[in-house]
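Q: Attaching a single structure in C-alpha coordinates format; questions to follow.
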Amino acid sequence: DEFERGVPESRIDEMFGMVEERLLPLIEKIKSSPNHPSLSPLIGHFPLPSQDALNAAISSSLGYTGRRDVSLHPFSTSSSPLDLRITSRFDEGEWYQGLAGTIHEIGHAFYEGGIPSPPLPANSALSMGTHE
(Lines give C-alpha, C1' and ligand atoms only; values in the text may rest on other atoms or scores of the structure.)
Protein backbone atom coordinates (compact mmCIF):
# COMPACT_ATOMS: atom_id res chain seq x y z
CA ASP A 1 0.00 0.00 0.00
CA GLU A 2 2.91 2.40 0.68
CA PHE A 3 4.64 1.92 -2.69
CA GLU A 4 1.59 1.69 -4.97
CA ARG A 5 -0.74 4.58 -4.33
CA GLY A 6 -4.34 3.45 -4.70
CA VAL A 7 -3.48 -0.21 -5.23
CA PRO A 8 -4.28 -2.39 -2.22
CA GLU A 9 -2.07 -5.28 -1.20
CA SER A 10 -4.81 -7.70 -2.24
CA ARG A 11 -4.54 -6.49 -5.87
CA ILE A 12 -0.75 -6.90 -5.83
CA ASP A 13 -1.20 -10.43 -4.47
CA GLU A 14 -3.71 -11.16 -7.24
CA MET A 15 -1.31 -9.92 -9.96
CA PHE A 16 1.61 -11.92 -8.61
CA GLY A 17 -0.68 -14.93 -8.32
CA MET A 18 -1.42 -14.70 -12.06
CA VAL A 19 2.31 -14.49 -12.81
CA GLU A 20 3.07 -17.43 -10.52
CA GLU A 21 0.29 -19.51 -12.08
CA ARG A 22 1.89 -19.21 -15.51
CA LEU A 23 5.54 -19.06 -14.51
CA LEU A 24 5.81 -22.16 -12.32
CA PRO A 25 4.78 -24.60 -15.09
CA LEU A 26 7.25 -22.93 -17.45
CA ILE A 27 10.05 -23.26 -14.91
CA GLU A 28 9.24 -26.93 -14.41
CA LYS A 29 9.21 -27.50 -18.18
CA ILE A 30 12.62 -25.87 -18.52
CA LYS A 31 14.07 -27.81 -15.58
CA SER A 32 12.83 -31.14 -16.92
CA SER A 33 14.05 -30.50 -20.48
CA PRO A 34 16.93 -32.68 -21.72
CA ASN A 35 18.39 -29.59 -23.40
CA HIS A 36 20.57 -27.58 -21.05
CA PRO A 37 22.44 -24.49 -22.19
CA SER A 38 26.16 -24.27 -21.67
CA LEU A 39 27.18 -22.19 -18.68
CA SER A 40 30.74 -21.79 -19.97
CA PRO A 41 30.21 -18.19 -21.19
CA LEU A 42 29.42 -17.27 -17.57
CA ILE A 43 32.59 -18.79 -16.11
CA GLY A 44 35.99 -17.18 -16.28
CA HIS A 45 37.99 -14.07 -15.55
CA PHE A 46 36.46 -10.83 -16.81
CA PRO A 47 38.73 -7.81 -16.28
CA LEU A 48 36.95 -4.76 -14.90
CA PRO A 49 38.12 -2.39 -17.69
CA SER A 50 36.68 -4.78 -20.29
CA GLN A 51 33.37 -4.97 -18.45
CA ASP A 52 33.23 -1.19 -18.16
CA ALA A 53 33.92 -0.84 -21.89
CA LEU A 54 31.16 -3.34 -22.71
CA ASN A 55 28.71 -1.52 -20.44
CA ALA A 56 29.66 1.82 -22.00
CA ALA A 57 29.07 0.47 -25.51
CA ILE A 58 25.71 -1.07 -24.60
CA SER A 59 24.65 2.07 -22.71
CA SER A 60 25.43 4.14 -25.78
CA SER A 61 23.63 1.73 -28.11
CA LEU A 62 20.54 2.06 -25.90
CA GLY A 63 20.71 5.84 -26.28
CA TYR A 64 21.90 6.61 -22.77
CA THR A 65 24.06 9.74 -22.68
CA GLY A 66 24.09 10.43 -18.94
CA ARG A 67 26.81 9.90 -16.42
CA ARG A 68 28.00 6.37 -15.52
CA ASP A 69 29.97 5.54 -12.39
CA VAL A 70 30.88 2.51 -10.28
CA SER A 71 29.49 1.87 -6.77
CA LEU A 72 28.97 -1.02 -4.39
CA HIS A 73 25.27 -1.15 -5.27
CA PRO A 74 23.79 -0.03 -8.61
CA PHE A 75 21.40 2.90 -8.52
CA SER A 76 20.15 5.77 -10.64
CA THR A 77 19.47 9.35 -9.72
CA SER A 78 18.63 12.60 -11.42
CA SER A 79 18.28 16.20 -10.44
CA SER A 80 16.41 17.03 -13.65
CA PRO A 81 15.44 15.32 -16.91
CA LEU A 82 18.74 16.60 -18.34
CA ASP A 83 20.96 15.27 -15.52
CA LEU A 84 20.71 11.48 -15.50
CA ARG A 85 23.22 9.40 -13.55
CA ILE A 86 23.61 5.67 -13.02
CA THR A 87 26.05 3.48 -11.18
CA SER A 88 26.98 -0.14 -11.76
CA ARG A 89 29.11 -2.66 -9.94
CA PHE A 90 31.49 -5.13 -11.47
CA ASP A 91 33.09 -8.39 -10.36
CA GLU A 92 35.98 -9.98 -12.23
CA GLY A 93 34.50 -13.41 -11.51
CA GLU A 94 31.32 -12.78 -13.53
CA TRP A 95 30.06 -10.22 -16.04
CA TYR A 96 26.30 -10.63 -16.25
CA GLN A 97 25.23 -8.90 -13.02
CA GLY A 98 27.15 -5.76 -13.94
CA LEU A 99 25.57 -5.71 -17.38
CA ALA A 100 22.07 -6.49 -16.10
CA GLY A 101 22.43 -3.81 -13.41
CA THR A 102 23.55 -1.24 -15.98
CA ILE A 103 20.60 -1.96 -18.28
CA HIS A 104 18.18 -1.94 -15.33
CA GLU A 105 19.45 1.41 -14.06
CA ILE A 106 19.31 2.89 -17.56
CA GLY A 107 15.62 1.98 -17.55
CA HIS A 108 15.18 3.99 -14.34
CA ALA A 109 17.12 6.90 -15.82
CA PHE A 110 14.99 6.93 -18.96
CA TYR A 111 11.85 6.86 -16.82
CA GLU A 112 13.11 9.78 -14.71
CA GLY A 113 14.25 11.62 -17.84
CA GLY A 114 10.69 11.61 -19.14
CA ILE A 115 9.31 13.43 -16.11
CA PRO A 116 9.21 17.22 -16.60
CA SER A 117 11.07 19.40 -14.14
CA PRO A 118 9.86 20.37 -11.63
CA PRO A 119 7.48 17.43 -11.34
CA LEU A 120 3.87 18.21 -10.57
CA PRO A 121 1.45 15.73 -8.98
CA ALA A 122 0.03 14.91 -12.42
CA ASN A 123 3.42 14.15 -13.99
CA SER A 124 5.56 12.79 -11.18
CA ALA A 125 6.71 9.18 -10.86
CA LEU A 126 3.61 7.04 -10.43
CA SER A 127 5.00 4.62 -7.89
CA MET A 128 7.93 2.50 -6.83
CA GLY A 129 6.40 -0.46 -8.66
CA THR A 130 6.07 1.49 -11.89
CA HIS A 131 9.69 2.44 -11.57
CA GLU A 132 10.73 -1.18 -11.18
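The chains in the C-alpha coordinates are called A, B, ... from first to last as shown; in each chain the residues are counted from 1, and the ligands are counted from 1 in the order shown.
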Among chain A, which residues carry a DSSP assignment of alpha helix (DSSP H), reported as a ChimeraX atom specification?
A: /A:9-32,48-61,96-113,128-131
Q: Using only C-alpha atoms, which residues sit within 7 Å of A:Gly113 once same-chain residues fewer than 4 positions away are excluded, as number ranges by chain?
A: A: 81-82, 84, 109
Q: May I ask for the distance between atom CA of A:Ile86 and atom CA of A:Ile58, given in Å to one decimal place?
A: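 Answer for the atom CA of A:Ile86 to atom CA of A:Ile58 separation: 13.6 Å.
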Q: Write out as a PDB file with N, CA, C and O atoms, in the first residue's frame the residues lying within 9 Å of A:Gly93, counting only C-alpha atoms and excluding same-chain residues fewer than 4 positions away.
A:
ATOM      1  N   LEU A  42      29.579 -17.983 -18.838  1.00  0.00           N
ATOM      2  CA  LEU A  42      29.421 -17.275 -17.569  1.00  0.00           C
ATOM      3  C   LEU A  42      30.588 -17.496 -16.621  1.00  0.00           C
ATOM      4  O   LEU A  42      30.651 -16.876 -15.555  1.00  0.00           O
ATOM      5  N   ILE A  43      31.497 -18.396 -16.995  1.00  0.00           N
ATOM      6  CA  ILE A  43      32.590 -18.790 -16.107  1.00  0.00           C
ATOM      7  C   ILE A  43      33.901 -18.277 -16.670  1.00  0.00           C
ATOM      8  O   ILE A  43      34.188 -18.445 -17.852  1.00  0.00           O
ATOM      9  N   GLY A  44      34.689 -17.647 -15.832  1.00  0.00           N
ATOM     10  CA  GLY A  44      35.986 -17.177 -16.285  1.00  0.00           C
ATOM     11  C   GLY A  44      36.445 -15.951 -15.534  1.00  0.00           C
ATOM     12  O   GLY A  44      35.923 -15.597 -14.478  1.00  0.00           O
ATOM     13  N   HIS A  45      37.444 -15.312 -16.108  1.00  0.00           N
ATOM     14  CA  HIS A  45      37.989 -14.071 -15.554  1.00  0.00           C
ATOM     15  C   HIS A  45      37.621 -12.950 -16.514  1.00  0.00           C
ATOM     16  O   HIS A  45      37.924 -13.015 -17.702  1.00  0.00           O
ATOM     17  N   PHE A  46      36.955 -11.933 -15.990  1.00  0.00           N
ATOM     18  CA  PHE A  46      36.456 -10.834 -16.809  1.00  0.00           C
ATOM     19  C   PHE A  46      36.999  -9.520 -16.249  1.00  0.00           C
ATOM     20  O   PHE A  46      36.434  -8.967 -15.306  1.00  0.00           O
ATOM     21  N   PRO A  47      38.099  -9.022 -16.811  1.00  0.00           N
ATOM     22  CA  PRO A  47      38.733  -7.808 -16.283  1.00  0.00           C
ATOM     23  C   PRO A  47      37.758  -6.626 -16.203  1.00  0.00           C
ATOM     24  O   PRO A  47      36.932  -6.422 -17.098  1.00  0.00           O
TER      25      PRO A  47
END
Q: Could you give me, as a list in words, the residues within 7 Å of A:Gly98, counting only C-alpha atoms and dropping anything in the same chain fewer than 5 positions from it?
A: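 Counting only C-alpha atoms, the residues come to Ser88, Arg89 and Phe90 of chain A.
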Q: Apply DSSP to the backbone of this structure and, from stretch 28-90 of chain A, keep only the residues in strand (DSSP E); write these as a PDB file with N, CA and C atoms, in the first residue's frame.
A:
ATOM      1  N   ARG A  67      25.599  10.284 -17.133  1.00  0.00           N
ATOM      2  CA  ARG A  67      26.814   9.897 -16.417  1.00  0.00           C
ATOM      3  C   ARG A  67      26.733   8.441 -15.962  1.00  0.00           C
ATOM      4  N   ARG A  68      27.879   7.744 -16.009  1.00  0.00           N
ATOM      5  CA  ARG A  68      28.000   6.373 -15.520  1.00  0.00           C
ATOM      6  C   ARG A  68      29.159   6.318 -14.539  1.00  0.00           C
ATOM      7  N   ASP A  69      28.917   5.703 -13.383  1.00  0.00           N
ATOM      8  CA  ASP A  69      29.969   5.536 -12.390  1.00  0.00           C
ATOM      9  C   ASP A  69      29.880   4.130 -11.806  1.00  0.00           C
ATOM     10  N   VAL A  70      30.836   3.813 -10.944  1.00  0.00           N
ATOM     11  CA  VAL A  70      30.876   2.510 -10.276  1.00  0.00           C
ATOM     12  C   VAL A  70      30.580   2.723  -8.799  1.00  0.00           C
ATOM     13  N   SER A  76      20.257   4.639  -9.715  1.00  0.00           N
ATOM     14  CA  SER A  76      20.149   5.768 -10.638  1.00  0.00           C
ATOM     15  C   SER A  76      19.609   6.958  -9.865  1.00  0.00           C
ATOM     16  N   THR A  77      19.955   8.131 -10.336  1.00  0.00           N
ATOM     17  CA  THR A  77      19.473   9.353  -9.720  1.00  0.00           C
ATOM     18  C   THR A  77      19.430  10.447 -10.774  1.00  0.00           C
ATOM     19  N   SER A  78      18.668  11.454 -10.510  1.00  0.00           N
ATOM     20  CA  SER A  78      18.628  12.598 -11.417  1.00  0.00           C
ATOM     21  C   SER A  78      18.193  13.823 -10.632  1.00  0.00           C
ATOM     22  N   SER A  79      18.729  14.956 -11.037  1.00  0.00           N
ATOM     23  CA  SER A  79      18.277  16.205 -10.436  1.00  0.00           C
ATOM     24  C   SER A  79      17.340  16.944 -11.384  1.00  0.00           C
ATOM     25  N   SER A  80      17.315  16.483 -12.639  1.00  0.00           N
ATOM     26  CA  SER A  80      16.412  17.032 -13.646  1.00  0.00           C
ATOM     27  C   SER A  80      16.389  16.058 -14.822  1.00  0.00           C
ATOM     28  N   ASP A  83      19.831  15.708 -16.342  1.00  0.00           N
ATOM     29  CA  ASP A  83      20.960  15.267 -15.523  1.00  0.00           C
ATOM     30  C   ASP A  83      20.681  13.862 -15.011  1.00  0.00           C
ATOM     31  N   LEU A  84      20.961  12.880 -15.844  1.00  0.00           N
ATOM     32  CA  LEU A  84      20.708  11.484 -15.500  1.00  0.00           C
ATOM     33  C   LEU A  84      22.023  10.815 -15.122  1.00  0.00           C
ATOM     34  N   ARG A  85      22.000  10.053 -14.032  1.00  0.00           N
ATOM     35  CA  ARG A  85      23.220   9.396 -13.546  1.00  0.00           C
ATOM     36  C   ARG A  85      22.892   7.976 -13.108  1.00  0.00           C
ATOM     37  N   ILE A  86      23.769   7.055 -13.470  1.00  0.00           N
ATOM     38  CA  ILE A  86      23.611   5.671 -13.019  1.00  0.00           C
ATOM     39  C   ILE A  86      24.941   5.180 -12.465  1.00  0.00           C
ATOM     40  N   THR A  87      24.847   4.175 -11.627  1.00  0.00           N
ATOM     41  CA  THR A  87      26.052   3.481 -11.182  1.00  0.00           C
ATOM     42  C   THR A  87      25.851   1.990 -11.443  1.00  0.00           C
ATOM     43  N   SER A  88      26.963   1.310 -11.578  1.00  0.00           N
ATOM     44  CA  SER A  88      26.977  -0.139 -11.757  1.00  0.00           C
ATOM     45  C   SER A  88      28.048  -0.702 -10.850  1.00  0.00           C
TER      46      SER A  88
END
Q: Quick one: everything within 10 Å of A:Ser50, counting only C-alpha atoms, minus sequence neighbours fewer than 6 positions away in the same chain. Send it as a count of residues only.
A: 3
Q: Taking only C-alpha atoms into account, which of A:Pro8, A:Gly101, A:Gly107, A:Pro25 comes nearest A:Gly63?
A: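 Using only C-alpha atoms, the shortest distance to A:Gly63 belongs to A:Gly107.
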Q: Could you check which of A:Met18, A:Ile106, A:Pro41, A:Ser10 is closest to A:Gly66, using only C-alpha atoms?
A: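 Smallest distance to A:Gly66 is found for A:Ile106.
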Q: For the atom pair atom CA of A:Ile103 and atom CA of A:Leu62, what is the interatomic distance in Å to one decimal place?
A: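 Atom CA of A:Leu62 lies 8.6 Å from atom CA of A:Ile103.
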